[in-house]
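S.K.: This is the structure I want to talk about, given as structure tokens.
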Amino acid sequence: MASILQAKNISKSYGTKVLFDNLDFNINEGDKIALIAPNGSGKSSLLKVLSGKDSSDNGGIVNIMKDVKVAYLEQEPGFDPDRTVFEEVFAASDILSSTVAEYESAIVSGDEKRIEVAIHQMDAQDAWQYELKVKQILTQLDIHSLDQSMGDLSGGQKKRVAIAGIMIHEADFIILDEPTNHLDLIVIEFLEEYLKRTQATILMVTHDRYFLDRVCNHIIELENGKLYTYKGNYSYYLEKREERIENFNSETERARNLFRGELDWMRRMPQARATKAKYRINAFYDLKERAGQVIKDKNIKIDVGSSRLGTKIINCKGVTHFYDDFCTIDDFTYNFAKGEKIGLVGPNGVGKSTFLEVMTGSVLPVSGEIDRGETLVFGFYRQTGLQYEPEDTVIDVVRKIAEVVTLADGNTMPVTQFLSRFLFPHPTHNTKVDRLSGGERRRLYLVTVLMKNPNFLILDEPTNDLDIMSLNVLEEYLLNFQGCLLIVSHDRYFLDKLADHIFVFEGKGLIKDYVGKYTEYREQVKEAEREAELSAKEAKVLAREKSAESADSAVSEDKFQKKKLSFKEQKELEKLENDIESLEKEKSSLEAALSSGMLSSEELTKSSVRIAEVIAHIDSKSDRWLELNS
């Protein structure tokens, strides 16, 4: 495979913090690579350098193969808020997308001359199949209002528009920074299938382990400023990474044993050092440095306690909520039980986050009753993230809540020490929150939620921006959590591991309780869709067979009844049959022409009028044919 990207001596530092230094690596055509590292290690910075959005320090070089189209999806895509969705989706300058963009715009304008020119260009570029593909992509990504301003869109909608642009413009090299953040689960599945099928080279950062495992065939790990490459998927990476660490630490132990012997030699014969071979003395110091190296995973440690939870948790009866005419919850009745772990799934905008606010009392229902237990202590991790003042430091944020934290064993710990368990050592405590990475802010937010010792945890998209290492630790804590847990997450692995059952938000306030894992629910839905599609096909076959049987029966009866018809009626019946057959052929021809995209605006209008006339004639003549046959 040809090399699509070569990077040499690339480095990046922010102040005194070195993210990576003098990295060299190569990406081949067709590779589908995931970049994995703890938050704050420089993943996003590395992607920006490789995409050309940022430059390497100290003259590092990134070379990309000539004529390769690069698409870069940032974690938070930037947009001109005044542009429309249409303008953003078709922002690329390639001829084909520009032709389709002009055609779509001309149709909306209603300008017949402009439409005619646009159709001619579509014909010349053979762009009709491309236009069909564009519409399919937009539909699959749930993008319909092309005239809406980008500034009016939610985070999830903006991300879908950015993804649509990448898919439509068919880049050769796609760089993705947390592509699944803010997307609903159905769109994630569609994106996953697209990336599995595409021939493009892919480099991505993602914490979605199902997504990573199913799409990627290479893993690059960034650890302590160095890169380690694994040729395989995420499961293979986990196995080989463990081997690498074990081997490294075993070599360290051997180095320590050698070092002890060399240290003894250095101590026993200090007067001889000047006359001994210098290489042995130099080797001693190299060995000393190597003996001090060991790989330890720097993971967060969660052992916070939870408040006692009584028998009564939250009892809901007939709870209903509206935003104007939009129903988010319709007649919801449910009694929560201690130890329940429930996942909330459904399309974006259907009301999941509102449901959480209603359960806590932050938002009041329109009708119904919510009875909350007296011992209830909520821990609410909101999708909006950590709220802080511009001048707040890490220590300021936690001290606004408490000076000490109660642990699982009942002992207390100062918040300064507790922060270190979430990878905020003492030197970082006076760092302004604004200077933290997105993942570090999320981790700090988790600290503020857990240090309140909640017994009812509500997590709204907790996996956004958290690295995989932190997610694994959080999952283990939540598995053993004795209180109640409500989770909204687009991370299917996270949901499958934690949720015992699912609240499915189907729209218009309807919430169904599904007992089982999320992937089991999705398989059930897909199977139902497959059966419905098969049933529809079978119904069409049966309809055709019945139609054929009816025709045969009509012919037989026709032969019998023609003896009873007058000569004039017989001639009329024969003419009707010929007319209907001719009209049906004309109708089929018109339908093909209208869907071909080859007609001018004038021809489109004429054909639309004519097909309506033809259908009316067929109906009228068919009625008369039935009348004569009866």
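Residues in the structure tokens are named by chain (A, B, ... in the order shown) and by number from 1 within that chain; ligands are numbered from 1 in the order shown.
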So which bits of range 391-486 of chain A end up helix (DSSP H, G or I) when you DSSP the backbone, as a ChimeraX atom specification?

M.R.: /A:394-399,415-420,426-428,433-435,438-450,468-479

S.K.: Would you list the contacts of range 382-398 of chain A as a PDB file with N, CA and C atoms, in the first residue's frame, taking every protein, DNA or RNA residue within 6 Å and counting only C-alpha atoms, but skipping same-chain residues closer than 5 positions in sequence?

M.R.:
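Output contents, as saved in around-v7.pdb:
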```
ATOM      1  N   HIS A 429      -3.765  22.111  41.030  1.00  0.00           N
ATOM      2  CA  HIS A 429      -4.934  22.620  41.759  1.00  0.00           C
ATOM      3  C   HIS A 429      -5.196  24.104  41.508  1.00  0.00           C
ATOM      4  N   ASN A 430      -4.171  24.854  41.231  1.00  0.00           N
ATOM      5  CA  ASN A 430      -4.356  26.284  40.976  1.00  0.00           C
ATOM      6  C   ASN A 430      -4.432  26.612  39.483  1.00  0.00           C
ATOM      7  N   THR A 431      -4.574  25.563  38.655  1.00  0.00           N
ATOM      8  CA  THR A 431      -4.774  25.769  37.215  1.00  0.00           C
ATOM      9  C   THR A 431      -6.197  26.258  36.970  1.00  0.00           C
ATOM     10  N   LYS A 432      -6.340  27.280  36.143  1.00  0.00           N
ATOM     11  CA  LYS A 432      -7.682  27.760  35.812  1.00  0.00           C
ATOM     12  C   LYS A 432      -8.438  26.698  35.018  1.00  0.00           C
ATOM     13  N   VAL A 433      -9.724  26.551  35.300  1.00  0.00           N
ATOM     14  CA  VAL A 433     -10.550  25.543  34.635  1.00  0.00           C
ATOM     15  C   VAL A 433     -10.568  25.772  33.125  1.00  0.00           C
ATOM     16  N   TYR A 445     -15.755  17.653  36.608  1.00  0.00           N
ATOM     17  CA  TYR A 445     -17.205  17.683  36.828  1.00  0.00           C
ATOM     18  C   TYR A 445     -17.653  16.422  37.559  1.00  0.00           C
ATOM     19  N   ASP A 460     -26.215  12.153  32.322  1.00  0.00           N
ATOM     20  CA  ASP A 460     -26.684  12.545  30.991  1.00  0.00           C
ATOM     21  C   ASP A 460     -25.468  12.718  30.080  1.00  0.00           C
ATOM     22  N   GLU A 461     -25.242  11.741  29.219  1.00  0.00           N
ATOM     23  CA  GLU A 461     -24.084  11.695  28.309  1.00  0.00           C
ATOM     24  C   GLU A 461     -22.765  11.818  29.078  1.00  0.00           C
TER      25      GLU A 461
END
```

S.K.: Using only C-alpha atoms, which residue out of A:Asp147, A:Glu591, A:Glu440, A:Glu243 lies closest to Ser105 in chain A?

M.R.: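 For Ser105 in chain A, the nearest of the given residues is A:Asp147.
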
S.K.: So that I can see what lies close to Leu486 in chain A, please list as a count of residues only the residues with an atom at most 7 Å from it, counting only C-alpha atoms and leaving out residues fewer than 3 positions away in the same chain.

M.R.: 6

S.K.: For CA of Arg399 in chain A and CA of Gln417 in chain A, determine how far apart the two atoms are, in Å to one decimal place.

M.R.: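 Those two atoms sit 12.3 Å apart.
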
S.K.: As a count of residues only, please: the residues near Leu446 in chain A (cut-off 9 Å, only C-alpha atoms, same-chain neighbours under 5 positions excluded).

M.R.: 6

S.K.: State, in Å with one decimal place, the distance from CA of Lys8 in chain A to CA of Asn63 in chain A.

M.R.: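 Separation between CA of Lys8 in chain A and CA of Asn63 in chain A: 8.6 Å.
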
S.K.: Which value, in Å to one decimal, gives the distance between CA of Leu576 in chain A and CA of Ala592 in chain A?

M.R.: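 About the pair CA of Leu576 in chain A and CA of Ala592 in chain A: they are 24.3 Å apart.
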
S.K.: Which of these, A:Ala2, A:Gly351, A:Glu529, A:Leu23, has the shortest distance to Met65 in chain A once you count only C-alpha atoms?

M.R.: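 For Met65 in chain A, the nearest of the given residues is A:Ala2.
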
S.K.: Could you pull the residues within 6 Å of His501 in chain A, counting only C-alpha atoms, minus those fewer than 6 positions along the same chain, as a compact mmCIF listing (two decimals) with C-alpha atoms, in the first residue's frame?

M.R.:
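Saved to result28.txt:
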```txt
# COMPACT_ATOMS: atom_id res chain seq x y z
CA ILE A 342 -31.87 2.07 33.80
CA TYR A 514 -37.77 -2.91 27.74
CA VAL A 515 -36.24 -5.56 30.00
CA GLY A 516 -32.82 -6.43 28.60
```

S.K.: For Glu192 in chain A, please output as a PyMOL selection string all residues within 10 Å (counting only C-alpha atoms; exclusion window: fewer than 2 positions along the same chain).

M.R.: chain A and resi 179-180+186-190+194-197+210-212+214-215

S.K.: Filtering to N, CA and C atoms, could you give me those residues as a PDB file, in the first residue's frame?

M.R.:
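again-v4.pdb, written as the output of this step:
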```
ATOM      1  N   PRO A 179     -16.111  11.442  16.819  1.00  0.00           N
ATOM      2  CA  PRO A 179     -17.242  11.613  15.889  1.00  0.00           C
ATOM      3  C   PRO A 179     -18.598  11.247  16.477  1.00  0.00           C
ATOM      4  N   THR A 180     -18.637  10.401  17.522  1.00  0.00           N
ATOM      5  CA  THR A 180     -19.932   9.947  18.044  1.00  0.00           C
ATOM      6  C   THR A 180     -20.511  10.871  19.106  1.00  0.00           C
ATOM      7  N   ILE A 186     -28.980   5.701  16.637  1.00  0.00           N
ATOM      8  CA  ILE A 186     -29.293   5.246  15.281  1.00  0.00           C
ATOM      9  C   ILE A 186     -28.318   5.871  14.281  1.00  0.00           C
ATOM     10  N   VAL A 187     -28.019   7.154  14.449  1.00  0.00           N
ATOM     11  CA  VAL A 187     -27.081   7.838  13.553  1.00  0.00           C
ATOM     12  C   VAL A 187     -25.674   7.255  13.726  1.00  0.00           C
ATOM     13  N   ILE A 188     -25.296   6.906  14.958  1.00  0.00           N
ATOM     14  CA  ILE A 188     -23.989   6.284  15.197  1.00  0.00           C
ATOM     15  C   ILE A 188     -23.879   4.972  14.422  1.00  0.00           C
ATOM     16  N   GLU A 189     -24.938   4.172  14.436  1.00  0.00           N
ATOM     17  CA  GLU A 189     -24.929   2.906  13.693  1.00  0.00           C
ATOM     18  C   GLU A 189     -24.752   3.157  12.200  1.00  0.00           C
ATOM     19  N   PHE A 190     -25.427   4.182  11.672  1.00  0.00           N
ATOM     20  CA  PHE A 190     -25.305   4.519  10.251  1.00  0.00           C
ATOM     21  C   PHE A 190     -23.875   4.960   9.926  1.00  0.00           C
ATOM     22  N   TYR A 194     -21.065   3.205   7.433  1.00  0.00           N
ATOM     23  CA  TYR A 194     -20.434   3.971   6.346  1.00  0.00           C
ATOM     24  C   TYR A 194     -18.910   3.856   6.421  1.00  0.00           C
ATOM     25  N   LEU A 195     -18.352   4.033   7.605  1.00  0.00           N
ATOM     26  CA  LEU A 195     -16.897   4.005   7.761  1.00  0.00           C
ATOM     27  C   LEU A 195     -16.334   2.598   7.554  1.00  0.00           C
ATOM     28  N   LYS A 196     -17.127   1.579   7.852  1.00  0.00           N
ATOM     29  CA  LYS A 196     -16.693   0.204   7.590  1.00  0.00           C
ATOM     30  C   LYS A 196     -16.612  -0.059   6.084  1.00  0.00           C
ATOM     31  N   ARG A 197     -17.548   0.530   5.317  1.00  0.00           N
ATOM     32  CA  ARG A 197     -17.623   0.267   3.867  1.00  0.00           C
ATOM     33  C   ARG A 197     -16.668   1.130   3.054  1.00  0.00           C
ATOM     34  N   TYR A 210     -17.383  -0.103  20.938  1.00  0.00           N
ATOM     35  CA  TYR A 210     -18.008  -0.884  19.866  1.00  0.00           C
ATOM     36  C   TYR A 210     -17.628  -0.293  18.507  1.00  0.00           C
ATOM     37  N   PHE A 211     -17.738   1.018  18.399  1.00  0.00           N
ATOM     38  CA  PHE A 211     -17.436   1.745  17.165  1.00  0.00           C
ATOM     39  C   PHE A 211     -15.980   1.486  16.761  1.00  0.00           C
ATOM     40  N   LEU A 212     -15.091   1.635  17.727  1.00  0.00           N
ATOM     41  CA  LEU A 212     -13.661   1.460  17.500  1.00  0.00           C
ATOM     42  C   LEU A 212     -13.355   0.029  17.059  1.00  0.00           C
ATOM     43  N   ARG A 214     -15.295  -2.196  15.658  1.00  0.00           N
ATOM     44  CA  ARG A 214     -15.908  -2.636  14.405  1.00  0.00           C
ATOM     45  C   ARG A 214     -15.358  -1.914  13.179  1.00  0.00           C
ATOM     46  N   VAL A 215     -14.784  -0.722  13.375  1.00  0.00           N
ATOM     47  CA  VAL A 215     -14.316   0.082  12.237  1.00  0.00           C
ATOM     48  C   VAL A 215     -12.811  -0.030  12.023  1.00  0.00           C
TER      49      VAL A 215
END
```

S.K.: Could you tell me which of A:Val62, A:Phe505, A:Ile36, A:Ile313 comes closest to Arg241 in chain A if we count only C-alpha atoms?

M.R.: A:Ile36

S.K.: List as a list in words the protein and nucleic acid residues near His218 in chain A, meaning an atom at most 10 Å away when only C-alpha atoms are counted, but skip any in the same chain fewer than 2 places from it.

M.R.: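 Surrounding residues, per the criterion: Asp31, Lys32, Ile33, Ala34, Leu35, Ile202, Leu203, Leu212, Asp213, Val215, Cys216, Ile220, Glu221, Thr229, Tyr230, Lys231, Gly232, Asn233, Tyr234, Tyr236 and Tyr237 of chain A.
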
S.K.: What does the file look like for those residues with N, CA and C atoms, as a PDB file, in the first residue's frame?

M.R.:
```pdb
ATOM      1  N   ASP A  31      -5.685   2.300   5.516  1.00  0.00           N
ATOM      2  CA  ASP A  31      -5.613   2.075   6.968  1.00  0.00           C
ATOM      3  C   ASP A  31      -6.815   2.727   7.653  1.00  0.00           C
ATOM      4  N   LYS A  32      -7.321   2.067   8.679  1.00  0.00           N
ATOM      5  CA  LYS A  32      -8.382   2.638   9.512  1.00  0.00           C
ATOM      6  C   LYS A  32      -7.869   2.598  10.951  1.00  0.00           C
ATOM      7  N   ILE A  33      -7.388   3.765  11.386  1.00  0.00           N
ATOM      8  CA  ILE A  33      -6.587   3.855  12.606  1.00  0.00           C
ATOM      9  C   ILE A  33      -7.336   4.595  13.700  1.00  0.00           C
ATOM     10  N   ALA A  34      -7.252   4.057  14.916  1.00  0.00           N
ATOM     11  CA  ALA A  34      -7.749   4.765  16.102  1.00  0.00           C
ATOM     12  C   ALA A  34      -6.561   5.225  16.932  1.00  0.00           C
ATOM     13  N   LEU A  35      -6.611   6.469  17.377  1.00  0.00           N
ATOM     14  CA  LEU A  35      -5.584   7.032  18.259  1.00  0.00           C
ATOM     15  C   LEU A  35      -6.125   7.015  19.690  1.00  0.00           C
ATOM     16  N   ILE A 202      -8.665   6.305   7.232  1.00  0.00           N
ATOM     17  CA  ILE A 202      -9.313   6.932   8.392  1.00  0.00           C
ATOM     18  C   ILE A 202      -8.340   7.000   9.565  1.00  0.00           C
ATOM     19  N   LEU A 203      -8.322   8.153  10.227  1.00  0.00           N
ATOM     20  CA  LEU A 203      -7.623   8.331  11.498  1.00  0.00           C
ATOM     21  C   LEU A 203      -8.618   8.968  12.452  1.00  0.00           C
ATOM     22  N   LEU A 212     -15.091   1.635  17.727  1.00  0.00           N
ATOM     23  CA  LEU A 212     -13.661   1.460  17.500  1.00  0.00           C
ATOM     24  C   LEU A 212     -13.355   0.029  17.059  1.00  0.00           C
ATOM     25  N   ASP A 213     -13.952  -0.939  17.742  1.00  0.00           N
ATOM     26  CA  ASP A 213     -13.678  -2.351  17.475  1.00  0.00           C
ATOM     27  C   ASP A 213     -14.171  -2.774  16.095  1.00  0.00           C
ATOM     28  N   VAL A 215     -14.784  -0.722  13.375  1.00  0.00           N
ATOM     29  CA  VAL A 215     -14.316   0.082  12.237  1.00  0.00           C
ATOM     30  C   VAL A 215     -12.811  -0.030  12.023  1.00  0.00           C
ATOM     31  N   CYS A 216     -12.034   0.003  13.099  1.00  0.00           N
ATOM     32  CA  CYS A 216     -10.580   0.190  12.971  1.00  0.00           C
ATOM     33  C   CYS A 216      -9.818  -1.129  12.858  1.00  0.00           C
ATOM     34  N   ILE A 220      -3.130   3.188  17.312  1.00  0.00           N
ATOM     35  CA  ILE A 220      -1.909   3.910  17.700  1.00  0.00           C
ATOM     36  C   ILE A 220      -2.142   4.462  19.104  1.00  0.00           C
ATOM     37  N   GLU A 221      -1.261   4.094  20.017  1.00  0.00           N
ATOM     38  CA  GLU A 221      -1.368   4.552  21.403  1.00  0.00           C
ATOM     39  C   GLU A 221      -0.333   5.642  21.654  1.00  0.00           C
ATOM     40  N   THR A 229       2.336   1.260  17.976  1.00  0.00           N
ATOM     41  CA  THR A 229       1.398   0.848  16.935  1.00  0.00           C
ATOM     42  C   THR A 229       1.029  -0.623  17.093  1.00  0.00           C
ATOM     43  N   TYR A 230      -0.276  -0.915  16.923  1.00  0.00           N
ATOM     44  CA  TYR A 230      -0.797  -2.281  17.008  1.00  0.00           C
ATOM     45  C   TYR A 230      -1.631  -2.553  15.758  1.00  0.00           C
ATOM     46  N   LYS A 231      -1.305  -3.609  15.026  1.00  0.00           N
ATOM     47  CA  LYS A 231      -2.051  -3.947  13.808  1.00  0.00           C
ATOM     48  C   LYS A 231      -3.175  -4.907  14.165  1.00  0.00           C
ATOM     49  N   GLY A 232      -4.322  -4.344  14.441  1.00  0.00           N
ATOM     50  CA  GLY A 232      -5.484  -5.126  14.834  1.00  0.00           C
ATOM     51  C   GLY A 232      -6.539  -4.203  15.389  1.00  0.00           C
ATOM     52  N   ASN A 233      -7.666  -4.765  15.833  1.00  0.00           N
ATOM     53  CA  ASN A 233      -8.735  -3.927  16.373  1.00  0.00           C
ATOM     54  C   ASN A 233      -8.526  -3.666  17.865  1.00  0.00           C
ATOM     55  N   TYR A 234      -9.520  -3.099  18.515  1.00  0.00           N
ATOM     56  CA  TYR A 234      -9.385  -2.682  19.908  1.00  0.00           C
ATOM     57  C   TYR A 234      -9.148  -3.872  20.841  1.00  0.00           C
ATOM     58  N   TYR A 236      -7.695  -6.680  20.148  1.00  0.00           N
ATOM     59  CA  TYR A 236      -6.312  -7.116  19.939  1.00  0.00           C
ATOM     60  C   TYR A 236      -5.350  -6.158  20.655  1.00  0.00           C
ATOM     61  N   TYR A 237      -5.643  -4.866  20.560  1.00  0.00           N
ATOM     62  CA  TYR A 237      -4.806  -3.854  21.213  1.00  0.00           C
ATOM     63  C   TYR A 237      -4.738  -4.083  22.722  1.00  0.00           C
TER      64      TYR A 237
END
```

S.K.: I'd like to know which residues of range 340-380 of chain A are strand (DSSP E) (by DSSP, run on the backbone); could you write them as a list in words?

M.R.: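 Output for range 340-380 of chain A, strand (DSSP E) only: Lys341, Ile342, Gly343, Leu344, Val345, Ser367, Gly368, Glu369, Ile370, Asp371, Arg372, Phe378, Gly379 and Phe380 of chain A.
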